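Below: structure_9.tsv (TSV, C-alpha atoms)
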chain	number	residue	atom	x	y	z
S	17	MET	CA	145.09	20.84	58.53
S	18	THR	CA	145.97	24.22	57.04
S	19	THR	CA	147.99	26.49	59.31
S	20	SER	CA	146.05	29.60	60.31
S	21	LEU	CA	147.07	32.96	58.89
S	22	CYS	CA	146.19	34.60	62.17
S	23	ALA	CA	148.63	35.77	64.82
S	24	PRO	CA	148.50	34.25	68.31
S	25	LEU	CA	146.39	35.91	70.99
S	26	SER	CA	149.40	36.93	73.06
S	27	LEU	CA	150.45	39.45	70.42
S	28	GLY	CA	147.17	41.40	70.58
S	29	GLN	CA	146.73	44.85	72.08
S	30	THR	CA	143.79	46.42	73.88
S	31	LEU	CA	141.80	49.09	72.01
S	32	ARG	CA	140.76	51.79	74.48
S	33	LEU	CA	138.00	54.31	73.77
S	34	GLU	CA	138.41	56.94	76.47
S	35	HIS	CA	135.48	59.25	77.18
S	36	ILE	CA	134.56	59.67	73.52
S	37	SER	CA	131.81	62.18	72.79
S	38	ILE	CA	130.56	62.98	69.29
S	39	ALA	CA	128.14	65.79	68.50
S	40	LEU	CA	126.40	67.23	65.45
S	41	ALA	CA	125.28	70.87	65.37
S	42	GLY	CA	125.80	71.10	69.10
S	43	ARG	CA	123.70	67.99	69.91
S	44	GLU	CA	125.53	65.02	71.42
S	45	LEU	CA	124.95	61.86	69.42
S	46	LEU	CA	126.82	59.43	71.62
S	47	ALA	CA	129.17	59.03	74.53
S	48	VAL	CA	131.33	55.90	74.81
S	49	ASP	CA	133.97	54.80	77.30
S	50	ALA	CA	135.24	51.24	76.85
S	51	ALA	CA	138.24	48.95	76.57
S	52	ILE	CA	138.27	46.08	74.06
S	53	ALA	CA	140.65	43.26	74.91
S	54	PRO	CA	142.56	41.21	72.30
S	55	GLY	CA	140.17	38.72	70.71
S	56	GLU	CA	137.09	40.45	72.16
S	57	VAL	CA	134.23	41.97	70.17
S	58	LEU	CA	132.45	44.99	71.63
S	59	THR	CA	129.04	45.54	70.06
S	60	VAL	CA	127.52	49.01	69.82
S	61	MET	CA	123.82	48.86	69.01
S	62	GLY	CA	121.37	51.57	68.07
S	63	PRO	CA	118.87	52.68	65.44
S	64	SER	CA	119.82	54.50	62.25
S	65	GLY	CA	121.05	58.01	63.03
S	66	SER	CA	122.30	57.14	66.51
S	67	GLY	CA	125.93	57.69	65.51
S	68	LYS	CA	127.19	54.10	65.22
S	69	SER	CA	129.03	54.53	61.93
S	70	THR	CA	130.17	57.99	63.02
S	71	LEU	CA	131.96	56.38	65.97
S	72	LEU	CA	133.80	54.05	63.58
S	73	ALA	CA	134.79	57.01	61.40
S	74	TYR	CA	136.27	58.79	64.43
S	75	ILE	CA	138.31	55.74	65.45
S	76	ALA	CA	139.50	55.04	61.91
S	77	GLY	CA	140.47	58.64	61.19
S	78	PHE	CA	137.97	59.85	58.59
S	79	LEU	CA	135.29	61.65	60.61
S	80	ASP	CA	133.45	64.27	58.55
S	81	ARG	CA	134.19	67.85	59.60
S	82	GLU	CA	130.53	68.56	60.26
S	83	PHE	CA	130.87	66.52	63.46
S	84	THR	CA	132.71	67.60	66.59
S	85	ALA	CA	134.38	64.94	68.71
S	86	SER	CA	136.52	64.57	71.81
S	87	GLY	CA	138.05	61.70	73.72
S	88	GLY	CA	140.98	59.37	73.28
S	89	VAL	CA	141.58	56.33	71.09
S	90	TRP	CA	144.50	54.16	72.16
S	91	LEU	CA	145.79	50.88	70.77
S	92	GLY	CA	148.13	49.49	73.36
S	93	GLU	CA	150.38	52.45	74.17
S	94	ARG	CA	149.82	54.22	70.85
S	95	ASP	CA	147.64	57.32	70.64
S	96	LEU	CA	145.80	56.75	67.36
S	97	LEU	CA	144.34	60.24	67.13
S	98	GLY	CA	147.82	61.60	66.47
S	99	LEU	CA	148.21	59.39	63.39
S	100	PRO	CA	146.77	59.63	59.86
S	101	ALA	CA	144.16	57.00	58.99
S	102	GLU	CA	146.57	54.84	56.98
S	103	LYS	CA	149.01	54.61	59.92
S	104	ARG	CA	146.50	53.55	62.58
S	105	GLY	CA	146.55	49.82	61.85
S	106	ILE	CA	142.77	49.62	61.74
S	107	GLY	CA	141.01	47.13	59.45
S	108	LEU	CA	137.44	47.74	58.30
S	109	LEU	CA	134.71	45.39	57.15
S	110	PHE	CA	131.57	46.97	55.67
S	111	GLN	CA	128.08	45.91	54.57
S	112	ASP	CA	129.39	45.49	51.02
S	113	PRO	CA	132.55	43.45	50.32
S	114	LEU	CA	133.99	46.33	48.24
S	115	LEU	CA	136.21	44.05	46.18
S	116	PHE	CA	138.14	45.70	43.37
S	117	PRO	CA	136.31	44.78	40.13
S	118	HIS	CA	139.42	45.16	37.96
S	119	LEU	CA	141.37	42.59	40.02
S	120	SER	CA	140.93	38.84	40.26
S	121	VAL	CA	140.11	37.18	43.57
S	122	GLY	CA	143.84	36.55	44.03
S	123	GLY	CA	144.64	40.11	43.04
S	124	ASN	CA	142.26	41.42	45.71
S	125	LEU	CA	143.98	39.32	48.34
S	126	ARG	CA	147.47	40.28	47.20
S	127	PHE	CA	146.41	43.93	47.47
S	128	GLY	CA	145.82	43.37	51.19
S	129	LEU	CA	149.29	41.96	51.80
S	130	PRO	CA	151.99	44.31	53.10
S	131	ARG	CA	154.52	45.22	50.40
S	132	SER	CA	157.29	43.54	52.36
S	133	SER	CA	155.48	40.19	52.33
S	134	LYS	CA	157.21	37.30	50.63
S	135	GLU	CA	155.66	34.16	49.17
S	136	LYS	CA	152.48	36.07	48.33
S	137	HIS	CA	151.10	33.32	46.11
S	138	GLU	CA	151.39	30.81	48.94
S	139	GLN	CA	149.70	33.17	51.40
S	140	VAL	CA	146.82	33.84	48.99
S	141	SER	CA	146.32	30.13	48.30
S	142	GLN	CA	146.34	29.38	52.02
S	143	ALA	CA	143.82	32.15	52.71
S	144	LEU	CA	141.41	30.86	50.11
S	145	GLU	CA	141.73	27.31	51.38
S	146	GLN	CA	140.99	28.51	54.92
S	147	VAL	CA	137.57	29.82	53.89
S	148	GLY	CA	136.61	27.06	51.49
S	149	LEU	CA	137.51	28.90	48.28
S	150	ALA	CA	140.55	26.92	47.16
S	151	GLY	CA	141.20	27.14	43.42
S	152	LEU	CA	139.31	30.39	42.86
S	153	GLU	CA	142.37	32.65	42.77
S	154	SER	CA	141.95	33.59	39.09
S	155	ARG	CA	138.18	34.16	39.25
S	156	ASP	CA	136.51	37.50	38.56
S	157	PRO	CA	134.93	38.67	41.86
S	158	ALA	CA	131.70	39.44	39.97
S	159	THR	CA	131.24	35.71	39.30
S	160	LEU	CA	131.24	34.85	43.03
S	161	SER	CA	128.17	34.56	45.22
S	162	GLY	CA	127.55	37.17	47.91
S	163	GLY	CA	128.82	34.83	50.59
S	164	GLN	CA	131.98	34.03	48.65
S	165	GLN	CA	132.66	37.74	48.12
S	166	SER	CA	132.25	38.34	51.86
S	167	ARG	CA	134.78	35.60	52.59
S	168	VAL	CA	137.30	37.15	50.20
S	169	ALA	CA	136.78	40.56	51.84
S	170	LEU	CA	137.39	39.04	55.28
S	171	MET	CA	140.60	37.33	54.23
S	172	ARG	CA	141.85	40.47	52.45
S	173	LEU	CA	141.38	42.30	55.74
S	174	LEU	CA	143.23	39.65	57.76
S	175	LEU	CA	146.09	39.46	55.27
S	176	SER	CA	146.66	43.20	55.73
S	177	LYS	CA	147.66	42.41	59.35
S	178	PRO	CA	145.52	44.99	61.16
S	179	LYS	CA	146.01	45.61	64.87
S	180	ALA	CA	142.27	46.16	65.46
S	181	VAL	CA	139.10	45.73	63.40
S	182	LEU	CA	135.94	47.80	62.91
S	183	LEU	CA	132.82	46.04	61.64
S	184	ASP	CA	130.11	48.22	60.11
S	185	GLU	CA	127.02	45.96	59.94
S	186	PRO	CA	128.91	43.46	57.74
S	187	PHE	CA	126.13	40.84	57.83
S	188	SER	CA	123.11	43.04	57.11
S	189	LYS	CA	122.87	42.33	53.37
S	190	LEU	CA	123.23	38.55	53.64
S	191	ASP	CA	120.30	36.14	53.75
S	192	MET	CA	119.51	34.54	57.10
S	193	ALA	CA	121.37	31.23	56.62
S	194	LEU	CA	124.46	32.89	55.17
S	195	ARG	CA	124.38	35.56	57.87
S	196	GLN	CA	124.82	32.98	60.61
S	197	GLU	CA	127.59	31.24	58.68
S	198	MET	CA	129.51	34.50	58.20
S	199	ARG	CA	129.05	35.53	61.83
S	200	THR	CA	130.65	32.28	62.93
S	201	LEU	CA	133.52	32.66	60.45
S	202	VAL	CA	134.26	36.33	61.16
S	203	PHE	CA	134.16	36.13	64.96
S	204	SER	CA	136.19	32.92	65.11
S	205	GLN	CA	138.87	34.43	62.86
S	206	LEU	CA	139.06	37.60	64.97
S	207	ARG	CA	139.33	35.63	68.20
S	208	GLU	CA	142.03	33.40	66.75
S	209	ALA	CA	143.96	36.44	65.55
S	210	GLY	CA	143.72	38.11	68.96
S	211	LEU	CA	142.31	41.29	67.43
S	212	PRO	CA	140.16	43.71	69.40
S	213	ALA	CA	137.05	44.41	67.33
S	214	LEU	CA	134.19	46.90	67.45
S	215	LEU	CA	130.94	45.85	65.80
S	216	VAL	CA	128.12	48.31	65.11
S	217	THR	CA	124.72	46.85	64.33
S	218	HIS	CA	121.00	47.07	64.98
S	219	ASP	CA	120.60	43.27	65.01
S	220	HIS	CA	120.52	41.58	68.43
S	221	ALA	CA	121.50	38.27	66.79
S	222	ASP	CA	124.80	39.88	65.70
S	223	ALA	CA	125.49	40.95	69.29
S	224	LYS	CA	124.69	37.49	70.63
S	225	ALA	CA	126.97	35.82	68.09
S	226	ALA	CA	129.80	38.24	68.89
S	227	GLY	CA	129.64	37.09	72.51
S	228	GLY	CA	131.19	40.22	73.98
S	229	PRO	CA	129.95	43.27	75.89
S	230	VAL	CA	127.17	45.39	74.39
S	231	ILE	CA	126.59	49.15	74.48
S	232	GLU	CA	123.15	50.37	73.43
S	233	LEU	CA	122.82	53.91	72.09
S	234	GLY	CA	119.76	56.08	72.12
Show the structure stored in the file as structure tokens.
Amino acid sequence: MTTSLCAPLSLGQTLRLEHISIALAGRELLAVDAAIAPGEVLTVMGPSGSGKSTLLAYIAGFLDREFTASGGVWLGERDLLGLPAEKRGIGLLFQDPLLFPHLSVGGNLRFGLPRSSKEKHEQVSQALEQVGLAGLESRDPATLSGGQQSRVALMRLLLSKPKAVLLDEPFSKLDMALRQEMRTLVFSQLREAGLPALLVTHDHADAKAAGGPVIELG
């Protein structure tokens, strides 16, 4: 069996969202207070316009200036709000895989690896084997199916060694059968890695598959 790329659960840290409030033009969109344990997925549900993606932007460090926000974001003992986005250790998975079209599948995965990483070829090969894509390292991402692209995006994220993960409706553009397959893959990988994760969605099936606590907005 292939050895997992993921870190053991004991190394994970809790992501704490402390009394977060986000408003637009003086109107509060959401208020959230929660702690996400290592390996746990917190789901935030709500209709379009309820502020789900705005919450992710605040945590990740790229909230648009038209919004006003308050509240703390802590990862273990680190205050993330005092750090630029690239220093927060937050991984993001979006609706679209957002693979780099000018890089091969292997090139996309190598991009996710920290610069200090050694044996990059071995790590990339192992990652592809883990998600059933062995031998596709030299392929153009455009030649992959939607599900294969999603798998590459997931492994690129994990190879970057994030300390926490934000999921912005990553299954919404997949067909029903593939959606269930990717839910199982993503949530099992996050649990195995011991990463606290925040999922925003409007799909109750996503929340059920995540298996963690649920906050409903609006």
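Of the residues under consideration (S:Pro157, S:Gly65, S:Pro54, S:Gly234), S:Pro54 shows the shortest atom-to-atom contact distance to S:Val181 when counting all atoms listed in the file.
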TODO: With a distance cut-off of 8 Å and all atoms listed in the file, select the neighbouring residues of S:Ile36, excluding the residue or stretch itself and same-chain residues fewer than 6 positions from it, and output the selection as a PyMOL selection string.
DONE: chain S and resi 46-49+85-88
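Atom CA of S:Gly42 is found 22.6 Å from atom CA of S:Ile231.
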Which residues of stretch 152-193 of chain S come within 12 Å of stretch 219-222 of chain S, and for each one, what is the closest pair of atoms and their distance in Å to one decimal, counting only C-alpha atoms, sorted by chain and residue number, as JSON lines?
{"residue": "S:Leu183", "atom": "CA", "partner": "S:Asp222", "partner_atom": "CA", "distance": 10.9}
{"residue": "S:Asp184", "atom": "CA", "partner": "S:Asp222", "partner_atom": "CA", "distance": 11.4}
{"residue": "S:Glu185", "atom": "CA", "partner": "S:Asp219", "partner_atom": "CA", "distance": 8.6}
{"residue": "S:Pro186", "atom": "CA", "partner": "S:Asp222", "partner_atom": "CA", "distance": 9.6}
{"residue": "S:Phe187", "atom": "CA", "partner": "S:Asp222", "partner_atom": "CA", "distance": 8.0}
{"residue": "S:Ser188", "atom": "CA", "partner": "S:Asp219", "partner_atom": "CA", "distance": 8.3}
{"residue": "S:Lys189", "atom": "CA", "partner": "S:Asp219", "partner_atom": "CA", "distance": 11.9}
{"residue": "S:Met192", "atom": "CA", "partner": "S:Ala221", "partner_atom": "CA", "distance": 10.6}
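Distances to S:Glu93 were evaluated for S:Arg81, S:Arg172, S:Lys68, S:Arg32 using all atoms listed in the file, and the minimum falls at S:Arg32.
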TODO: Could you please give me, as a ChimeraX atom specification, the residues of protein, DNA or RNA lying at most 12 Å from (140.7, 31.2, 53.2) in the coordinate frame of the file, considering only C-alpha atoms?
DONE: /S:18-22,121-122,125,138-153,164-175,201-202,205
Open item on the list: Given all atoms listed in the file as the basis, pick out the residue of S:Gly98, S:Gly105, S:Gly162, S:Gly228 nearest to S:Ser176.
Closed with: S:Gly105
Task: Counting all atoms listed in the file, the option among S:Tyr74, S:Gly123, S:Leu99, S:Asp191 closest to S:His137 - done: S:Gly123
Mind writing stretch 47-67 of chain S to a file for me, with N, CA and C atoms, as an mmCIF file, in the first residue's frame?
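Below you can see out.cif, which holds the result:
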data_model
loop_
_atom_site.group_PDB
_atom_site.id
_atom_site.type_symbol
_atom_site.label_atom_id
_atom_site.label_comp_id
_atom_site.auth_asym_id
_atom_site.auth_seq_id
_atom_site.Cartn_x
_atom_site.Cartn_y
_atom_site.Cartn_z
ATOM 1 N N ALA S 47 -22.650 36.367 11.594
ATOM 2 C CA ALA S 47 -21.929 36.349 12.865
ATOM 3 C C ALA S 47 -21.610 34.891 13.163
ATOM 4 N N VAL S 48 -20.332 34.600 13.391
ATOM 5 C CA VAL S 48 -19.884 33.224 13.593
ATOM 6 C C VAL S 48 -18.930 33.161 14.771
ATOM 7 N N ASP S 49 -19.120 32.160 15.618
ATOM 8 C CA ASP S 49 -18.213 31.900 16.730
ATOM 9 C C ASP S 49 -18.073 30.386 16.823
ATOM 10 N N ALA S 50 -16.886 29.865 16.512
ATOM 11 C CA ALA S 50 -16.730 28.411 16.428
ATOM 12 C C ALA S 50 -15.278 28.017 16.576
ATOM 13 N N ALA S 51 -15.062 26.764 16.952
ATOM 14 C CA ALA S 51 -13.728 26.168 16.995
ATOM 15 C C ALA S 51 -13.766 24.891 16.171
ATOM 16 N N ILE S 52 -12.778 24.718 15.296
ATOM 17 C CA ILE S 52 -12.725 23.557 14.404
ATOM 18 C C ILE S 52 -11.505 22.735 14.791
ATOM 19 N N ALA S 53 -11.739 21.538 15.291
ATOM 20 C CA ALA S 53 -10.669 20.682 15.778
ATOM 21 C C ALA S 53 -9.891 20.068 14.620
ATOM 22 N N PRO S 54 -8.670 19.595 14.855
ATOM 23 C CA PRO S 54 -7.905 18.908 13.807
ATOM 24 C C PRO S 54 -8.698 17.722 13.246
ATOM 25 N N GLY S 55 -8.777 17.650 11.919
ATOM 26 C CA GLY S 55 -9.506 16.574 11.278
ATOM 27 C C GLY S 55 -11.003 16.759 11.205
ATOM 28 N N GLU S 56 -11.507 17.863 11.720
ATOM 29 C CA GLU S 56 -12.952 18.137 11.718
ATOM 30 C C GLU S 56 -13.307 19.079 10.576
ATOM 31 N N VAL S 57 -14.508 18.926 10.036
ATOM 32 C CA VAL S 57 -15.014 19.832 9.006
ATOM 33 C C VAL S 57 -16.244 20.545 9.554
ATOM 34 N N LEU S 58 -16.152 21.852 9.679
ATOM 35 C CA LEU S 58 -17.306 22.678 10.033
ATOM 36 C C LEU S 58 -17.958 23.139 8.740
ATOM 37 N N THR S 59 -19.270 22.921 8.620
ATOM 38 C CA THR S 59 -19.994 23.357 7.431
ATOM 39 C C THR S 59 -20.795 24.608 7.745
ATOM 40 N N VAL S 60 -20.654 25.628 6.906
ATOM 41 C CA VAL S 60 -21.468 26.834 6.995
ATOM 42 C C VAL S 60 -22.376 26.841 5.777
ATOM 43 N N MET S 61 -23.684 26.813 6.026
ATOM 44 C CA MET S 61 -24.657 26.740 4.950
ATOM 45 C C MET S 61 -25.436 28.039 4.855
ATOM 46 N N GLY S 62 -25.911 28.321 3.650
ATOM 47 C CA GLY S 62 -26.735 29.509 3.460
ATOM 48 C C GLY S 62 -26.934 29.770 1.985
ATOM 49 N N PRO S 63 -27.959 30.543 1.654
ATOM 50 C CA PRO S 63 -28.222 30.860 0.248
ATOM 51 C C PRO S 63 -27.187 31.825 -0.306
ATOM 52 N N SER S 64 -27.202 32.021 -1.609
ATOM 53 C CA SER S 64 -26.312 32.992 -2.247
ATOM 54 C C SER S 64 -26.544 34.363 -1.631
ATOM 55 N N GLY S 65 -25.457 35.079 -1.358
ATOM 56 C CA GLY S 65 -25.560 36.411 -0.779
ATOM 57 C C GLY S 65 -25.581 36.433 0.730
ATOM 58 N N SER S 66 -25.485 35.265 1.362
ATOM 59 C CA SER S 66 -25.551 35.216 2.822
ATOM 60 C C SER S 66 -24.192 35.467 3.478
ATOM 61 N N GLY S 67 -23.136 35.541 2.665
ATOM 62 C CA GLY S 67 -21.826 35.877 3.201
ATOM 63 C C GLY S 67 -20.889 34.702 3.391
#
